[in-house]
$ cat structure-v8.txt   # compact mmCIF, C-alpha atoms and all ligand atoms
# COMPACT_ATOMS: atom_id res chain seq x y z
CA MET Q 16 78.89 116.65 106.64
CA SER Q 17 80.44 115.11 103.51
CA ASN Q 18 80.27 111.36 102.88
CA ALA Q 19 83.99 111.05 103.60
CA ASP Q 20 83.53 112.85 106.88
CA LEU Q 21 80.57 110.64 107.87
CA ALA Q 22 82.76 107.60 107.12
CA LYS Q 23 85.65 108.99 109.16
CA ARG Q 24 83.30 109.62 112.06
CA ALA Q 25 81.94 106.04 111.91
CA ALA Q 26 85.47 104.60 112.05
CA ALA Q 27 86.51 106.98 114.83
CA GLU Q 28 83.48 106.20 116.98
CA ALA Q 29 84.10 102.45 116.60
CA ALA Q 30 87.70 102.98 117.72
CA ALA Q 31 86.59 105.07 120.71
CA ARG Q 32 84.61 102.04 121.90
CA LEU Q 33 87.85 100.01 122.11
CA VAL Q 34 89.12 102.22 124.94
CA GLU Q 35 88.72 100.72 128.40
CA ASN Q 36 88.93 102.22 131.88
CA GLY Q 37 92.47 103.01 132.97
CA MET Q 38 93.99 102.83 129.47
CA VAL Q 39 96.77 105.09 128.24
CA VAL Q 40 95.89 105.83 124.60
CA GLY Q 41 98.02 107.33 121.84
CA LEU Q 42 95.98 109.95 119.99
CA GLY Q 43 97.01 110.52 116.38
CA SER Q 44 96.41 113.63 114.30
CA GLY Q 45 94.16 114.80 111.49
CA SER Q 46 90.48 115.12 110.69
CA THR Q 47 89.57 111.48 111.48
CA VAL Q 48 91.26 111.77 114.85
CA ARG Q 49 89.27 114.92 115.55
CA HIS Q 50 86.14 112.71 115.51
CA LEU Q 51 87.93 110.24 117.79
CA VAL Q 52 88.82 112.91 120.32
CA ALA Q 53 85.23 114.17 120.32
CA ALA Q 54 83.89 110.63 120.87
CA LEU Q 55 86.36 109.95 123.69
CA GLY Q 56 85.52 113.30 125.29
CA ARG Q 57 81.84 112.29 125.26
CA ARG Q 58 82.67 108.97 126.92
CA VAL Q 59 84.72 110.77 129.59
CA ARG Q 60 81.87 113.18 130.34
CA GLU Q 61 78.88 110.87 129.99
CA GLU Q 62 80.22 107.48 131.12
CA GLY Q 63 82.96 108.61 133.47
CA LEU Q 64 85.59 106.81 131.33
CA ARG Q 65 89.00 107.10 132.97
CA MET Q 66 91.72 107.31 130.35
CA VAL Q 67 94.91 109.21 129.64
CA GLY Q 68 95.73 110.44 126.13
CA VAL Q 69 99.17 110.78 124.60
CA PRO Q 70 98.80 113.34 121.80
CA THR Q 71 100.96 113.20 118.67
CA SER Q 72 100.67 116.87 117.70
CA THR Q 73 100.14 120.26 119.28
CA GLU Q 74 96.80 120.37 117.46
CA THR Q 75 95.55 117.12 119.01
CA ASP Q 76 96.93 118.22 122.38
CA ALA Q 77 94.88 121.42 122.33
CA LEU Q 78 91.75 119.67 121.02
CA ALA Q 79 91.89 116.88 123.62
CA LEU Q 80 92.16 119.41 126.43
CA THR Q 81 89.03 121.21 125.20
CA HIS Q 82 87.21 117.83 125.34
CA GLY Q 83 88.29 117.25 128.95
CA ILE Q 84 90.75 114.42 128.22
CA THR Q 85 93.68 114.06 130.63
CA LEU Q 86 97.02 114.06 128.78
CA ALA Q 87 100.51 112.70 129.40
CA GLU Q 88 103.90 112.55 127.70
CA PRO Q 89 104.75 109.28 125.88
CA ASP Q 90 107.28 108.29 128.54
CA ALA Q 91 104.90 108.74 131.48
CA ALA Q 92 103.31 105.26 131.29
CA PRO Q 93 103.09 102.32 128.87
CA ILE Q 94 100.71 103.05 125.97
CA ALA Q 95 98.16 100.24 125.66
CA LEU Q 96 96.62 101.36 122.39
CA ALA Q 97 97.39 103.98 119.75
CA ILE Q 98 94.69 105.14 117.33
CA ASP Q 99 95.46 107.23 114.26
CA GLY Q 100 94.33 108.05 110.76
CA ALA Q 101 96.21 107.36 107.53
CA ASP Q 102 96.56 108.77 104.05
CA GLU Q 103 96.72 105.33 102.44
CA VAL Q 104 96.02 101.83 103.77
CA GLU Q 105 97.29 98.98 101.60
CA ARG Q 106 94.73 96.19 101.29
CA GLY Q 107 95.97 92.88 102.65
CA THR Q 108 99.14 94.13 104.33
CA LEU Q 109 97.77 97.14 106.29
CA ARG Q 110 100.94 99.02 105.37
CA LEU Q 111 100.36 102.76 105.52
CA ILE Q 112 101.39 106.10 104.17
CA LYS Q 113 100.96 108.80 106.79
CA GLY Q 114 102.07 112.36 107.24
CA LEU Q 115 99.99 114.54 104.94
CA GLY Q 116 99.00 116.28 108.19
CA GLY Q 117 102.67 116.73 109.04
CA ALA Q 118 102.79 114.83 112.35
CA LEU Q 119 104.43 111.62 111.09
CA LEU Q 120 107.44 111.61 113.42
CA ARG Q 121 105.54 111.80 116.70
CA GLU Q 122 102.86 109.53 115.26
CA LYS Q 123 105.43 106.85 114.48
CA ILE Q 124 107.10 107.16 117.88
CA VAL Q 125 103.74 106.71 119.61
CA ALA Q 126 102.64 103.88 117.28
CA GLU Q 127 105.88 101.99 117.99
CA ALA Q 128 105.61 102.57 121.74
CA ALA Q 129 102.04 101.25 121.86
CA GLN Q 130 101.13 97.63 122.50
CA ARG Q 131 98.46 97.85 119.77
CA PHE Q 132 97.99 100.26 116.88
CA VAL Q 133 94.58 100.70 115.28
CA VAL Q 134 94.11 102.74 112.11
CA ILE Q 135 90.88 104.60 111.38
CA ALA Q 136 89.96 105.73 107.88
CA ASP Q 137 87.27 106.07 105.25
CA ALA Q 138 87.23 103.62 102.34
CA GLY Q 139 88.79 106.21 100.02
CA LYS Q 140 92.10 105.58 101.80
CA LEU Q 141 92.26 101.91 100.71
CA VAL Q 142 94.78 101.22 97.94
CA ASP Q 143 96.17 98.15 96.21
CA ARG Q 144 99.70 99.55 96.24
CA LEU Q 145 101.16 102.34 98.38
CA GLY Q 146 101.66 105.59 96.51
CA GLN Q 147 98.50 105.19 94.43
CA HIS Q 148 96.96 108.48 95.61
CA ALA Q 149 99.28 110.07 98.16
CA PRO Q 150 102.86 111.30 97.82
CA LEU Q 151 105.27 109.91 100.40
CA PRO Q 152 106.07 112.58 103.03
CA VAL Q 153 109.69 112.60 104.15
CA GLU Q 154 110.63 114.69 107.20
CA VAL Q 155 114.03 116.36 106.83
CA VAL Q 156 116.11 118.52 109.20
CA ARG Q 157 116.24 122.15 108.13
CA PHE Q 158 120.05 122.33 108.06
CA GLY Q 159 121.07 121.69 104.45
CA HIS Q 160 117.59 120.50 103.49
CA ALA Q 161 118.05 121.38 99.81
CA ALA Q 162 121.10 119.10 99.67
CA THR Q 163 119.08 116.33 101.34
CA ALA Q 164 116.32 116.90 98.79
CA ARG Q 165 118.84 116.33 95.98
CA ARG Q 166 119.55 112.89 97.46
CA LEU Q 167 115.79 112.19 97.50
CA ALA Q 168 115.65 113.28 93.86
CA ASP Q 169 118.58 110.96 93.00
CA LEU Q 170 116.45 108.09 94.29
CA GLY Q 171 113.61 109.16 91.98
CA GLY Q 172 111.40 110.74 94.64
CA GLN Q 173 110.61 114.02 92.82
CA PRO Q 174 110.62 115.85 96.18
CA VAL Q 175 108.51 118.97 96.64
CA LEU Q 176 109.07 121.14 99.70
CA ARG Q 177 105.79 121.41 101.59
CA ARG Q 178 104.44 124.93 102.05
CA VAL Q 179 101.45 126.13 104.02
CA GLN Q 180 100.27 129.15 102.12
CA GLY Q 181 102.05 130.84 99.27
CA GLU Q 182 105.74 130.89 100.04
CA THR Q 183 105.63 129.97 103.76
CA VAL Q 184 107.48 126.70 104.36
CA PHE Q 185 105.64 124.18 106.55
CA VAL Q 186 107.56 123.42 109.75
CA THR Q 187 106.72 120.32 111.83
CA ASP Q 188 106.22 120.20 115.60
CA GLY Q 189 109.80 118.92 115.73
CA GLY Q 190 111.11 121.98 113.85
CA ASN Q 191 111.82 120.11 110.60
CA VAL Q 192 110.55 120.47 107.03
CA ILE Q 193 108.74 117.95 104.85
CA TYR Q 194 109.38 116.93 101.26
CA ASP Q 195 106.41 115.24 99.57
CA CYS Q 196 107.74 112.63 97.17
CA ALA Q 197 105.29 111.49 94.47
CA GLY Q 198 108.04 109.92 92.38
CA PHE Q 199 108.37 106.67 94.33
CA ALA Q 200 104.91 105.47 93.28
CA PRO Q 201 103.91 102.73 92.90
CA ILE Q 202 105.90 101.60 95.95
CA ARG Q 203 106.55 97.94 95.20
CA ASP Q 204 109.29 97.35 97.79
CA PRO Q 205 108.57 99.68 100.70
CA PHE Q 206 111.09 98.01 103.05
CA THR Q 207 113.98 98.69 100.68
CA LEU Q 208 112.75 102.24 100.11
CA GLN Q 209 112.51 102.84 103.87
CA ARG Q 210 116.08 101.56 104.27
CA GLN Q 211 117.40 103.74 101.44
CA LEU Q 212 115.68 106.87 102.73
CA GLY Q 213 116.77 106.18 106.30
CA SER Q 214 120.39 106.02 105.20
CA ILE Q 215 120.36 109.62 103.89
CA ALA Q 216 121.84 112.06 106.39
CA GLY Q 217 119.23 114.70 107.12
CA VAL Q 218 116.23 112.41 106.74
CA VAL Q 219 114.49 112.23 110.10
CA GLU Q 220 111.64 109.87 109.25
CA THR Q 221 109.35 108.81 106.43
CA GLY Q 222 105.60 108.38 106.24
CA LEU Q 223 105.94 104.64 105.57
CA PHE Q 224 104.34 102.73 108.46
CA LEU Q 225 105.09 99.18 107.40
CA GLU Q 226 104.67 96.83 110.34
CA HIS Q 227 102.74 99.04 112.68
CA ALA Q 228 99.00 98.56 112.16
CA ASP Q 229 97.37 95.61 113.91
CA ARG Q 230 93.88 96.50 112.76
CA ALA Q 231 92.17 98.96 110.44
CA LEU Q 232 88.63 100.22 111.01
CA ILE Q 233 87.25 101.38 107.66
CA GLY Q 234 84.12 103.49 107.97
CA SER Q 235 81.29 104.02 105.50
CA PRO Q 236 78.96 107.02 105.22
CA ASP Q 237 76.00 104.87 106.38
CA GLY Q 238 77.76 104.31 109.71
CA THR Q 239 78.92 100.73 109.12
CA VAL Q 240 82.54 99.81 109.84
CA THR Q 241 84.64 97.07 108.23
CA VAL Q 242 87.38 95.59 110.40
CA LEU Q 243 90.62 94.54 108.66
CA GLU Q 244 93.10 92.56 110.75
CA HIS Q 245 96.82 92.24 110.13
CA VAL Q 246 97.76 88.57 110.33
CA ARG Q 247 101.37 88.24 111.52
C1 LIG Q 301 98.91 113.28 109.96
C2 LIG Q 301 98.45 111.99 109.44
C3 LIG Q 301 96.97 111.77 109.34
O1 LIG Q 301 96.65 110.66 110.10
C4 LIG Q 301 96.62 111.54 107.92
O2 LIG Q 301 97.05 112.67 107.17
C5 LIG Q 301 95.12 111.33 107.74
O3 LIG Q 301 94.45 112.53 107.94
P1 LIG Q 301 92.88 112.66 107.86
O4 LIG Q 301 92.32 111.88 109.00
O5 LIG Q 301 92.65 114.15 107.99
O6 LIG Q 301 92.43 112.15 106.53
O7 LIG Q 301 99.20 111.12 109.11
O8 LIG Q 301 100.31 113.35 109.97
$ encode --input "structure-v8.txt" --output "structure tokens" --more "lines below"
Ligand code: 5RP
Amino acid sequence: MSNADLAKRAAAEAAARLVENGMVVGLGSGSTVRHLVAALGRRVREEGLRMVGVPTSTETDALALTHGITLAEPDAAPIALAIDGADEVERGTLRLIKGLGGALLREKIVAEAAQRFVVIADAGKLVDRLGQHAPLPVEVVRFGHAATARRLADLGGQPVLRRVQGETVFVTDGGNVIYDCAGFAPIRDPFTLQRQLGSIAGVVETGLFLEHADRALIGSPDGTVTVLEHVR
């Protein structure tokens, strides 16, 4: 296992310990969440933990089922806690960029529905300013997406249509496409940017998670975890 993966696992296992009997838990997407799902599955099997997961992607849905985790739709019951990874975590503010895995829309819906949102990541995800390492993913409806991309370009986003392999365009679980926008970096005023992007017809959602995270668990390869709290 790589150092980054060991760190992701440490953060994910710490987050799995936050889950209590009877909780409905939002399950994010990505490689860090895969460790979370494995850790929760172990707790279900070995400790008899009773929990219900609300998956944010078809991938997490399938994985959780293989680990014996009971699943529900987001509207079935109030979500006590959502746990998810991130592509960037801004030091101090706990603002995030998410969506390099392509599940940002469902992830944001679940994060906003949850009473608490905890982010799990390795230290490589910490940045001083959003946009430092990751482009900003923007989910766009397929109808007229090239015209929408021109509006993103007008704002300076330098949008690039995400593809899976070769020429195949990546399509989200919601049936939309994603434009990765490296041109907004460094993102000094993310609230204004979110407002500008949200006002473009065709933009479904952005990977800016600005007032969502209550806590970040940052793992290290040696298994230690640093807890960062968002002070409101
Ligand atoms: C998916 C996401 C992921 O949480 C993000 O990409 C982090 O992924 P990983 O845990 O694999 O580093 O936002 O849409």
$ residues_near_ligand --input "structure-v8.txt" --ligand "ligand LIG 301 (chain Q)" --cutoff "8 Å" --atoms "all atoms listed in the file" --output "list in words"
Lys23, Gly43, Ser44, Gly45, Ser46, Thr47, Val48, Arg49, Asp99, Gly100, Ala101, Asp102, Ile112, Lys113, Gly114, Leu115, Gly116, Gly117, Ala118, Leu119, Glu122, Ile135, Ala136 and Gly222 of chain Q
$ write_last_selection --input "structure-v8.txt" --atoms "C-alpha atoms" --output "JSON list (two decimals), in the coordinates of the input"
[["chain", "number", "residue", "atom", "x", "y", "z"],
["Q", 23, "LYS", "CA", 85.65, 108.99, 109.16],
["Q", 43, "GLY", "CA", 97.01, 110.52, 116.38],
["Q", 44, "SER", "CA", 96.41, 113.63, 114.30],
["Q", 45, "GLY", "CA", 94.16, 114.80, 111.49],
["Q", 46, "SER", "CA", 90.48, 115.12, 110.69],
["Q", 47, "THR", "CA", 89.57, 111.48, 111.48],
["Q", 48, "VAL", "CA", 91.26, 111.77, 114.85],
["Q", 49, "ARG", "CA", 89.27, 114.92, 115.55],
["Q", 99, "ASP", "CA", 95.46, 107.23, 114.26],
["Q", 100, "GLY", "CA", 94.33, 108.05, 110.76],
["Q", 101, "ALA", "CA", 96.21, 107.36, 107.53],
["Q", 102, "ASP", "CA", 96.56, 108.77, 104.05],
["Q", 112, "ILE", "CA", 101.39, 106.10, 104.17],
["Q", 113, "LYS", "CA", 100.96, 108.80, 106.79],
["Q", 114, "GLY", "CA", 102.07, 112.36, 107.24],
["Q", 115, "LEU", "CA", 99.99, 114.54, 104.94],
["Q", 116, "GLY", "CA", 99.00, 116.28, 108.19],
["Q", 117, "GLY", "CA", 102.67, 116.73, 109.04],
["Q", 118, "ALA", "CA", 102.79, 114.83, 112.35],
["Q", 119, "LEU", "CA", 104.43, 111.62, 111.09],
["Q", 122, "GLU", "CA", 102.86, 109.53, 115.26],
["Q", 135, "ILE", "CA", 90.88, 104.60, 111.38],
["Q", 136, "ALA", "CA", 89.96, 105.73, 107.88],
["Q", 222, "GLY", "CA", 105.60, 108.38, 106.24]]
$ atom_distance --input "structure-v8.txt" --atom1 "atom CA of Q:Ile98" --atom2 "atom CA of Q:Leu208"
25.1 Å
$ closest_residue --input "structure-v8.txt" --among "Q:Val184, Q:Leu212, Q:Ala197, Q:Leu120" --to "Q:Leu170" --atoms "only C-alpha atoms"
Q:Leu212
$ closest_residue --input "structure-v8.txt" --among "Q:His148, Q:Arg131, Q:Arg121, Q:Arg106" --to "Q:Asp188" --atoms "all atoms listed in the file"
Q:Arg121
$ residues_around --input "structure-v8.txt" --residues "Q:Ser235" --least-positions-apart "2" --cutoff "9 Å" --atoms "only C-alpha atoms" --output "list in words"
Asn18, Ala19, Leu21, Ala22, Lys23, Arg24, Ala25, Ala26, Asp137, Ala138, Ile233, Asp237, Gly238, Thr239, Val240 and Thr241 of chain Q
$ residues_around --input "structure-v8.txt" --residues "stretch 83-97 of chain Q" --least-positions-apart "3" --cutoff "6 Å" --atoms "all atoms listed in the file" --output "list of chain:residue names"
Q:Val39, Q:Val40, Q:Gly41, Q:Val67, Q:Gly68, Q:Val69, Q:Ala79, Q:Leu80, Q:Ala126, Q:Ala129, Q:Gln130, Q:Arg131, Q:Phe132
$ residues_around --input "structure-v8.txt" --residues "Q:Gly217" --least-positions-apart "4" --cutoff "10 Å" --atoms "only C-alpha atoms" --output "list in words"
Glu154, Val155, Val156, Arg157, Phe158, Gly159, His160, Ala161, Ala162, Thr163, Ala164, Arg166, Asn191, Leu212 and Gly213 of chain Q
$ decode --input "structure-v8.txt" --residues "stretch 48-102 of chain Q" --atoms "C-alpha atoms" --output "mmCIF file, in the first residue's frame"
data_model
loop_
_atom_site.group_PDB
_atom_site.id
_atom_site.type_symbol
_atom_site.label_atom_id
_atom_site.label_comp_id
_atom_site.auth_asym_id
_atom_site.auth_seq_id
_atom_site.Cartn_x
_atom_site.Cartn_y
_atom_site.Cartn_z
ATOM 1 C CA VAL Q 48 -14.331 6.141 1.145
ATOM 2 C CA ARG Q 49 -13.535 2.623 -0.029
ATOM 3 C CA HIS Q 50 -11.481 2.227 3.176
ATOM 4 C CA LEU Q 51 -14.389 3.689 5.151
ATOM 5 C CA VAL Q 52 -16.869 1.218 3.697
ATOM 6 C CA ALA Q 53 -14.508 -1.672 4.467
ATOM 7 C CA ALA Q 54 -14.080 -0.475 8.074
ATOM 8 C CA LEU Q 55 -17.831 -0.045 8.562
ATOM 9 C CA GLY Q 56 -18.476 -3.474 7.045
ATOM 10 C CA ARG Q 57 -16.051 -4.960 9.590
ATOM 11 C CA ARG Q 58 -17.873 -3.207 12.441
ATOM 12 C CA VAL Q 59 -21.226 -4.506 11.153
ATOM 13 C CA ARG Q 60 -19.911 -8.080 10.978
ATOM 14 C CA GLU Q 61 -17.709 -8.177 14.064
ATOM 15 C CA GLU Q 62 -19.464 -5.818 16.503
ATOM 16 C CA GLY Q 63 -23.029 -6.133 15.271
ATOM 17 C CA LEU Q 64 -23.132 -2.375 14.501
ATOM 18 C CA ARG Q 65 -26.605 -1.409 13.305
ATOM 19 C CA MET Q 66 -26.399 1.372 10.742
ATOM 20 C CA VAL Q 67 -27.931 2.381 7.436
ATOM 21 C CA GLY Q 68 -25.798 3.859 4.650
ATOM 22 C CA VAL Q 69 -26.887 6.424 2.087
ATOM 23 C CA PRO Q 70 -24.505 6.000 -0.866
ATOM 24 C CA THR Q 71 -23.549 8.935 -3.089
ATOM 25 C CA SER Q 72 -22.604 6.923 -6.175
ATOM 26 C CA THR Q 73 -23.429 3.664 -7.887
ATOM 27 C CA GLU Q 74 -19.862 2.571 -7.105
ATOM 28 C CA THR Q 75 -20.245 3.119 -3.350
ATOM 29 C CA ASP Q 76 -23.688 1.518 -3.482
ATOM 30 C CA ALA Q 77 -22.287 -1.687 -4.982
ATOM 31 C CA LEU Q 78 -19.271 -1.730 -2.651
ATOM 32 C CA ALA Q 79 -21.351 -1.191 0.505
ATOM 33 C CA LEU Q 80 -23.632 -4.072 -0.425
ATOM 34 C CA THR Q 81 -20.647 -6.416 -0.800
ATOM 35 C CA HIS Q 82 -19.590 -5.395 2.743
ATOM 36 C CA GLY Q 83 -23.030 -6.224 4.157
ATOM 37 C CA ILE Q 84 -24.096 -2.629 4.844
ATOM 38 C CA THR Q 85 -27.839 -1.919 4.697
ATOM 39 C CA LEU Q 86 -28.623 0.962 2.323
ATOM 40 C CA ALA Q 87 -31.381 3.541 1.937
ATOM 41 C CA GLU Q 88 -32.312 6.474 -0.290
ATOM 42 C CA PRO Q 89 -31.508 9.971 1.063
ATOM 43 C CA ASP Q 90 -35.181 10.721 1.700
ATOM 44 C CA ALA Q 91 -35.852 7.559 3.716
ATOM 45 C CA ALA Q 92 -34.687 8.943 7.093
ATOM 46 C CA PRO Q 93 -32.729 11.911 8.478
ATOM 47 C CA ILE Q 94 -28.979 11.534 7.873
ATOM 48 C CA ALA Q 95 -27.095 11.997 11.152
ATOM 49 C CA LEU Q 96 -23.609 12.039 9.689
ATOM 50 C CA ALA Q 97 -22.093 12.168 6.202
ATOM 51 C CA ILE Q 98 -18.493 11.088 5.630
ATOM 52 C CA ASP Q 99 -16.658 11.766 2.381
ATOM 53 C CA GLY Q 100 -13.257 12.367 0.852
ATOM 54 C CA ALA Q 101 -12.052 15.541 -0.856
ATOM 55 C CA ASP Q 102 -9.637 16.611 -3.548
#
